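Have a look at the structure below, then the notes.
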Amino acid sequence: MKPLQTERVYLRKLQEEDATETYAGWLNDPDINEFLETRHTEQNTETCRAFIKQCNADPASHLFGIFLLENDKHIGNGKLGALNPHHKTAQLSYFIGDKSEWRKGLAEEAQYALLSYGFNVLKLERIEGGIIELNLAALRVALKNGFSIDGFLRKHMEVNGRRVGCFWVGILKNELPER
């Protein structure tokens with residue numbers, strides 16, 4: 001199996017032509033963007049295209065689309081960003097934008113593919129990220145994939161008009177479970 005393929009999904013480098021109305025719609029949907037930083041700005045195909053172009057030009061960023069193996073349907077995105085080649089670290093983020101694909105375990109598979117790519121292809125030693133305390137589904141996914149909670153940032157950000165905390169999670173190369 002390739003590092004960016006699981007049982008049901010594969011990830012490939014996102015291209016500017018992937019910036020569709022559907023993709024922009026995900027980023028504007030309050031159910032989908034509730035825990036994404038993009039929720040603060042209205043998105044359209046041009047802003048999505050510019051983001052993809054910016055990420056693809058940045059050697060410290062690896063942006064992927066998440067696609068179903070069965071039909072090549074684009075269902076979300078994942079990124080390893082803030083890559084530090086000296087310390088061999090990066091930050092992971094992802095989302096499943098297609099709500100019809102929620103609660104099927106696809107986020108866990110996509111996250112695992114990103115971790116596998118980070119450790120096996122990019123030769124990272126540590127991958128980390130923040131999870132808003134209200135997003136317990138994302139925390140469960142991270143823990144299933146071997147992340148540990150490294151800390152908790154109290155009242156770290158504002159979500160829906162209230163201050164909330166953020167779990168800081170991390171995983172080391174040798175902690176990635178075998179699949």
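Chains: A, B, ... in order of the structure tokens. Residues: from 1 per chain. Ligands: from 1, in order shown.
By only C-alpha atoms, and with residues fewer than 4 positions from Glu101 in chain A along its chain excluded, the set lying at most 8 Å from it is Ile75, Ile96 and Leu106 of chain A.
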Neighbouring residues of Cys166 in chain A were defined as those with any atom within 9 Å, considering only C-alpha atoms; residues of the same chain fewer than 2 positions away were excluded. Please report them as a PyMOL selection string. chain A and resi 130-134+151-157+164+168
Residue subset to file, keeping N, CA and C atoms, as a PDB file, in the first residue's frame:
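That gives us part28.pdb:
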```
ATOM      1  N   GLY A 130      -3.215  21.135  17.084  1.00  0.00           N
ATOM      2  CA  GLY A 130      -4.167  21.595  18.086  1.00  0.00           C
ATOM      3  C   GLY A 130      -5.560  21.111  17.764  1.00  0.00           C
ATOM      4  N   ILE A 131      -6.303  20.778  18.818  1.00  0.00           N
ATOM      5  CA  ILE A 131      -7.691  20.332  18.660  1.00  0.00           C
ATOM      6  C   ILE A 131      -8.541  21.115  19.652  1.00  0.00           C
ATOM      7  N   ILE A 132      -9.485  21.881  19.137  1.00  0.00           N
ATOM      8  CA  ILE A 132     -10.378  22.659  19.989  1.00  0.00           C
ATOM      9  C   ILE A 132     -11.134  21.703  20.910  1.00  0.00           C
ATOM     10  N   GLU A 133     -11.231  22.059  22.181  1.00  0.00           N
ATOM     11  CA  GLU A 133     -11.820  21.166  23.185  1.00  0.00           C
ATOM     12  C   GLU A 133     -13.238  20.712  22.856  1.00  0.00           C
ATOM     13  N   LEU A 134     -13.968  21.466  22.073  1.00  0.00           N
ATOM     14  CA  LEU A 134     -15.336  21.089  21.698  1.00  0.00           C
ATOM     15  C   LEU A 134     -15.365  20.010  20.625  1.00  0.00           C
ATOM     16  N   GLY A 151      -0.580  18.710  26.120  1.00  0.00           N
ATOM     17  CA  GLY A 151      -0.953  19.841  26.960  1.00  0.00           C
ATOM     18  C   GLY A 151      -2.336  20.339  26.629  1.00  0.00           C
ATOM     19  N   PHE A 152      -2.785  21.293  27.430  1.00  0.00           N
ATOM     20  CA  PHE A 152      -4.084  21.911  27.227  1.00  0.00           C
ATOM     21  C   PHE A 152      -3.923  23.411  27.396  1.00  0.00           C
ATOM     22  N   LEU A 153      -4.311  24.150  26.369  1.00  0.00           N
ATOM     23  CA  LEU A 153      -4.205  25.606  26.386  1.00  0.00           C
ATOM     24  C   LEU A 153      -5.565  26.174  26.792  1.00  0.00           C
ATOM     25  N   ARG A 154      -5.635  26.695  28.000  1.00  0.00           N
ATOM     26  CA  ARG A 154      -6.906  27.190  28.538  1.00  0.00           C
ATOM     27  C   ARG A 154      -7.343  28.469  27.836  1.00  0.00           C
ATOM     28  N   LYS A 155      -8.640  28.535  27.534  1.00  0.00           N
ATOM     29  CA  LYS A 155      -9.252  29.720  26.911  1.00  0.00           C
ATOM     30  C   LYS A 155      -8.366  30.260  25.791  1.00  0.00           C
ATOM     31  N   HIS A 156      -7.954  29.370  24.932  1.00  0.00           N
ATOM     32  CA  HIS A 156      -6.988  29.677  23.879  1.00  0.00           C
ATOM     33  C   HIS A 156      -7.580  30.432  22.692  1.00  0.00           C
ATOM     34  N   MET A 157      -8.879  30.239  22.427  1.00  0.00           N
ATOM     35  CA  MET A 157      -9.479  30.877  21.254  1.00  0.00           C
ATOM     36  C   MET A 157     -10.962  31.088  21.483  1.00  0.00           C
ATOM     37  N   VAL A 164     -12.698  29.104  24.530  1.00  0.00           N
ATOM     38  CA  VAL A 164     -12.551  27.662  24.722  1.00  0.00           C
ATOM     39  C   VAL A 164     -11.079  27.291  24.707  1.00  0.00           C
ATOM     40  N   TRP A 168      -3.284  20.255  22.850  1.00  0.00           N
ATOM     41  CA  TRP A 168      -2.114  20.174  21.975  1.00  0.00           C
ATOM     42  C   TRP A 168      -1.687  18.718  21.978  1.00  0.00           C
TER      43      TRP A 168
END
```
Hey, can you check how far CA of Trp26 in chain A sits from CA of Asn145 in chain A? 24.9 Å
Residues at most 9 Å from Lys123 in chain A, counting only C-alpha atoms, excluding those fewer than 4 positions away in the same chain, as a ChimeraX atom specification? /A:88,117-119,173
Grab the residues selected above and save them as an mmCIF file, in the first residue's frame with C-alpha atoms.
```cif
data_model
loop_
_atom_site.group_PDB
_atom_site.id
_atom_site.type_symbol
_atom_site.label_atom_id
_atom_site.label_comp_id
_atom_site.auth_asym_id
_atom_site.auth_seq_id
_atom_site.Cartn_x
_atom_site.Cartn_y
_atom_site.Cartn_z
ATOM 1 C CA LYS A 88 12.005 17.130 11.609
ATOM 2 C CA TYR A 117 3.561 10.129 4.658
ATOM 3 C CA GLY A 118 5.102 12.450 7.222
ATOM 4 C CA PHE A 119 7.103 9.751 8.955
ATOM 5 C CA LYS A 173 7.616 8.358 14.624
#
```
Which residues are close to Asn174 in chain A, i.e. within 10 Å by only C-alpha atoms, leaving aside same-chain residues fewer than 6 positions away? Reply as a VMD selection string. chain A and resid 119 125 to 126 146
May I have the residues from that selection written out with C-alpha atoms, as a JSON list (two decimals), in the first residue's frame?
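Full text of part_18.json as output:
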```
[["chain", "number", "residue", "atom", "x", "y", "z"],
["A", 119, "PHE", "CA", 7.10, 9.75, 8.95],
["A", 125, "GLU", "CA", 10.32, 12.54, 13.89],
["A", 126, "ARG", "CA", 7.31, 14.36, 15.40],
["A", 146, "GLY", "CA", -1.39, 7.08, 18.44]]
```
To test your reading of the structure, identify every residue in range 98-168 of chain A that backbone DSSP assigns to strand (DSSP E), and report it as a ChimeraX atom specification. /A:126-132,148-159,162-168
Residues from last step as file, N, CA and C atoms, as a PDB file, in the first residue's frame:
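Final output, saved to again.pdb:
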```pdb
ATOM      1  N   ARG A 126       8.444  13.971  14.569  1.00  0.00           N
ATOM      2  CA  ARG A 126       7.306  14.362  15.402  1.00  0.00           C
ATOM      3  C   ARG A 126       6.294  15.119  14.545  1.00  0.00           C
ATOM      4  N   ILE A 127       5.010  14.806  14.767  1.00  0.00           N
ATOM      5  CA  ILE A 127       3.910  15.522  14.130  1.00  0.00           C
ATOM      6  C   ILE A 127       2.960  15.942  15.253  1.00  0.00           C
ATOM      7  N   GLU A 128       2.476  17.165  15.167  1.00  0.00           N
ATOM      8  CA  GLU A 128       1.657  17.701  16.250  1.00  0.00           C
ATOM      9  C   GLU A 128       0.511  18.526  15.700  1.00  0.00           C
ATOM     10  N   GLY A 129      -0.363  18.948  16.593  1.00  0.00           N
ATOM     11  CA  GLY A 129      -1.465  19.792  16.169  1.00  0.00           C
ATOM     12  C   GLY A 129      -2.354  20.177  17.329  1.00  0.00           C
ATOM     13  N   GLY A 130      -3.215  21.135  17.084  1.00  0.00           N
ATOM     14  CA  GLY A 130      -4.167  21.595  18.086  1.00  0.00           C
ATOM     15  C   GLY A 130      -5.560  21.111  17.764  1.00  0.00           C
ATOM     16  N   ILE A 131      -6.303  20.778  18.818  1.00  0.00           N
ATOM     17  CA  ILE A 131      -7.691  20.332  18.660  1.00  0.00           C
ATOM     18  C   ILE A 131      -8.541  21.115  19.652  1.00  0.00           C
ATOM     19  N   ILE A 132      -9.485  21.881  19.137  1.00  0.00           N
ATOM     20  CA  ILE A 132     -10.378  22.659  19.989  1.00  0.00           C
ATOM     21  C   ILE A 132     -11.134  21.703  20.910  1.00  0.00           C
ATOM     22  N   SER A 148      -0.625  11.500  21.576  1.00  0.00           N
ATOM     23  CA  SER A 148      -0.733  11.735  23.015  1.00  0.00           C
ATOM     24  C   SER A 148      -1.130  13.183  23.223  1.00  0.00           C
ATOM     25  N   ILE A 149      -1.817  13.446  24.328  1.00  0.00           N
ATOM     26  CA  ILE A 149      -2.134  14.829  24.688  1.00  0.00           C
ATOM     27  C   ILE A 149      -0.902  15.390  25.400  1.00  0.00           C
ATOM     28  N   ASP A 150      -0.286  16.384  24.785  1.00  0.00           N
ATOM     29  CA  ASP A 150       0.919  16.978  25.350  1.00  0.00           C
ATOM     30  C   ASP A 150       0.596  18.159  26.258  1.00  0.00           C
ATOM     31  N   GLY A 151      -0.580  18.710  26.120  1.00  0.00           N
ATOM     32  CA  GLY A 151      -0.953  19.841  26.960  1.00  0.00           C
ATOM     33  C   GLY A 151      -2.336  20.339  26.629  1.00  0.00           C
ATOM     34  N   PHE A 152      -2.785  21.293  27.430  1.00  0.00           N
ATOM     35  CA  PHE A 152      -4.084  21.911  27.227  1.00  0.00           C
ATOM     36  C   PHE A 152      -3.923  23.411  27.396  1.00  0.00           C
ATOM     37  N   LEU A 153      -4.311  24.150  26.369  1.00  0.00           N
ATOM     38  CA  LEU A 153      -4.205  25.606  26.386  1.00  0.00           C
ATOM     39  C   LEU A 153      -5.565  26.174  26.792  1.00  0.00           C
ATOM     40  N   ARG A 154      -5.635  26.695  28.000  1.00  0.00           N
ATOM     41  CA  ARG A 154      -6.906  27.190  28.538  1.00  0.00           C
ATOM     42  C   ARG A 154      -7.343  28.469  27.836  1.00  0.00           C
ATOM     43  N   LYS A 155      -8.640  28.535  27.534  1.00  0.00           N
ATOM     44  CA  LYS A 155      -9.252  29.720  26.911  1.00  0.00           C
ATOM     45  C   LYS A 155      -8.366  30.260  25.791  1.00  0.00           C
ATOM     46  N   HIS A 156      -7.954  29.370  24.932  1.00  0.00           N
ATOM     47  CA  HIS A 156      -6.988  29.677  23.879  1.00  0.00           C
ATOM     48  C   HIS A 156      -7.580  30.432  22.692  1.00  0.00           C
ATOM     49  N   MET A 157      -8.879  30.239  22.427  1.00  0.00           N
ATOM     50  CA  MET A 157      -9.479  30.877  21.254  1.00  0.00           C
ATOM     51  C   MET A 157     -10.962  31.088  21.483  1.00  0.00           C
ATOM     52  N   GLU A 158     -11.557  31.818  20.549  1.00  0.00           N
ATOM     53  CA  GLU A 158     -12.981  32.066  20.625  1.00  0.00           C
ATOM     54  C   GLU A 158     -13.708  31.253  19.560  1.00  0.00           C
ATOM     55  N   VAL A 159     -14.734  30.535  19.986  1.00  0.00           N
ATOM     56  CA  VAL A 159     -15.571  29.756  19.076  1.00  0.00           C
ATOM     57  C   VAL A 159     -17.020  30.062  19.426  1.00  0.00           C
ATOM     58  N   ARG A 162     -17.614  32.290  22.502  1.00  0.00           N
ATOM     59  CA  ARG A 162     -17.128  31.958  23.849  1.00  0.00           C
ATOM     60  C   ARG A 162     -15.681  31.481  23.801  1.00  0.00           C
ATOM     61  N   ARG A 163     -14.979  31.705  24.883  1.00  0.00           N
ATOM     62  CA  ARG A 163     -13.584  31.300  24.990  1.00  0.00           C
ATOM     63  C   ARG A 163     -13.522  29.810  25.288  1.00  0.00           C
ATOM     64  N   VAL A 164     -12.698  29.104  24.530  1.00  0.00           N
ATOM     65  CA  VAL A 164     -12.551  27.662  24.722  1.00  0.00           C
ATOM     66  C   VAL A 164     -11.079  27.291  24.707  1.00  0.00           C
ATOM     67  N   GLY A 165     -10.806  26.142  25.253  1.00  0.00           N
ATOM     68  CA  GLY A 165      -9.441  25.638  25.296  1.00  0.00           C
ATOM     69  C   GLY A 165      -9.103  24.805  24.082  1.00  0.00           C
ATOM     70  N   CYS A 166      -7.842  24.408  24.037  1.00  0.00           N
ATOM     71  CA  CYS A 166      -7.334  23.650  22.904  1.00  0.00           C
ATOM     72  C   CYS A 166      -6.374  22.574  23.422  1.00  0.00           C
ATOM     73  N   PHE A 167      -6.623  21.344  23.032  1.00  0.00           N
ATOM     74  CA  PHE A 167      -5.676  20.263  23.319  1.00  0.00           C
ATOM     75  C   PHE A 167      -4.506  20.393  22.353  1.00  0.00           C
ATOM     76  N   TRP A 168      -3.284  20.255  22.850  1.00  0.00           N
ATOM     77  CA  TRP A 168      -2.114  20.174  21.975  1.00  0.00           C
ATOM     78  C   TRP A 168      -1.687  18.718  21.978  1.00  0.00           C
TER      79      TRP A 168
END
```
Counting only C-alpha atoms, figure out which residue out of A:Gly105, A:Gly161, A:Gly65, A:Pro59 gets nearest to Ala19 in chain A.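 Closest residue, counting only C-alpha atoms: A:Gly65.
The neighbours of Leu63 in chain A here are the residues that come within 9 Å of it, using only C-alpha atoms and leaving out any residue fewer than 4 positions away in the same chain; they are Arg12, Lys13, Leu14, Ile52, Cys55, Asn56, Asn77, Gly78, Lys79, Leu80 and Gly81 of chain A.
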In Å, how far is it from CA of Glu7 in chain A to CA of Leu176 in chain A? 17.0 Å
Could you find all residues in range 1-178 of chain A that DSSP calls alpha helix (DSSP H) from the backbone, and write them as a count of residues only? 49
When distances are computed from only C-alpha atoms, which of A:Leu4, A:Ala60, A:Lys104, A:Gly76 shows the smallest separation from Leu27 in chain A?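 With only C-alpha atoms as the atom set, the closest residue is A:Gly76.
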Spatial neighbours of Phe67 in chain A, max dist 6 Å, only C-alpha atoms, sep filter under 3 positions, as a PyMOL selection string: chain A and resi 9-10+72-75
Please, could you write that set of residues out with N, CA and C atoms as a PDB file, in the first residue's frame?
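Result file follows (selection_12.pdb):
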```pdb
ATOM      1  N   VAL A   9      -9.664   5.381   1.237  1.00  0.00           N
ATOM      2  CA  VAL A   9      -9.345   6.717   0.717  1.00  0.00           C
ATOM      3  C   VAL A   9      -7.917   6.778   0.206  1.00  0.00           C
ATOM      4  N   TYR A  10      -7.688   7.758  -0.642  1.00  0.00           N
ATOM      5  CA  TYR A  10      -6.320   8.092  -1.033  1.00  0.00           C
ATOM      6  C   TYR A  10      -6.184   9.606  -0.978  1.00  0.00           C
ATOM      7  N   ASP A  72     -13.274   8.226  -6.757  1.00  0.00           N
ATOM      8  CA  ASP A  72     -12.441   9.435  -6.901  1.00  0.00           C
ATOM      9  C   ASP A  72     -13.140  10.712  -6.430  1.00  0.00           C
ATOM     10  N   LYS A  73     -14.140  10.583  -5.590  1.00  0.00           N
ATOM     11  CA  LYS A  73     -14.872  11.747  -5.086  1.00  0.00           C
ATOM     12  C   LYS A  73     -14.025  12.493  -4.053  1.00  0.00           C
ATOM     13  N   HIS A  74     -13.869  13.804  -4.242  1.00  0.00           N
ATOM     14  CA  HIS A  74     -13.141  14.662  -3.311  1.00  0.00           C
ATOM     15  C   HIS A  74     -14.027  14.891  -2.092  1.00  0.00           C
ATOM     16  N   ILE A  75     -13.557  14.483  -0.901  1.00  0.00           N
ATOM     17  CA  ILE A  75     -14.386  14.591   0.302  1.00  0.00           C
ATOM     18  C   ILE A  75     -13.785  15.492   1.370  1.00  0.00           C
TER      19      ILE A  75
END
```
By how many Å are CA of Leu124 in chain A and CA of Pro85 in chain A apart?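 These atoms are spaced 8.0 Å apart.
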Counting only C-alpha atoms, what is within 7 Å of Thr20 in chain A, bar same-chain residues fewer than 3 positions away, as a JSON list (two decimals) with N, CA and C atoms, in the first residue's frame?
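Output contents, as saved in selection_13.json:
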```
[["chain", "number", "residue", "atom", "x", "y", "z"],
["A", 23, "TYR", "N", -16.02, 22.63, -2.94],
["A", 23, "TYR", "CA", -14.94, 22.82, -1.97],
["A", 23, "TYR", "C", -15.14, 24.16, -1.22],
["A", 24, "ALA", "N", -15.38, 25.24, -1.94],
["A", 24, "ALA", "CA", -15.60, 26.54, -1.30],
["A", 24, "ALA", "C", -16.83, 26.48, -0.39],
["A", 45, "THR", "N", -14.17, 30.13, -4.94],
["A", 45, "THR", "CA", -13.20, 29.32, -5.70],
["A", 45, "THR", "C", -11.88, 30.05, -5.87]]
```
Rank nothing, just name the residue among A:Leu122, A:Cys48, A:Ala137, A:Val169 nearest to Leu92 in chain A, using only C-alpha atoms.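 Using only C-alpha atoms, the shortest distance to Leu92 in chain A belongs to A:Val169.
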Pick from A:Lys99, A:Gly170, A:Asn120, A:Ser93: nearest to Glu37 in chain A, with only C-alpha atoms counted?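 Nearest to Glu37 in chain A: A:Ser93.
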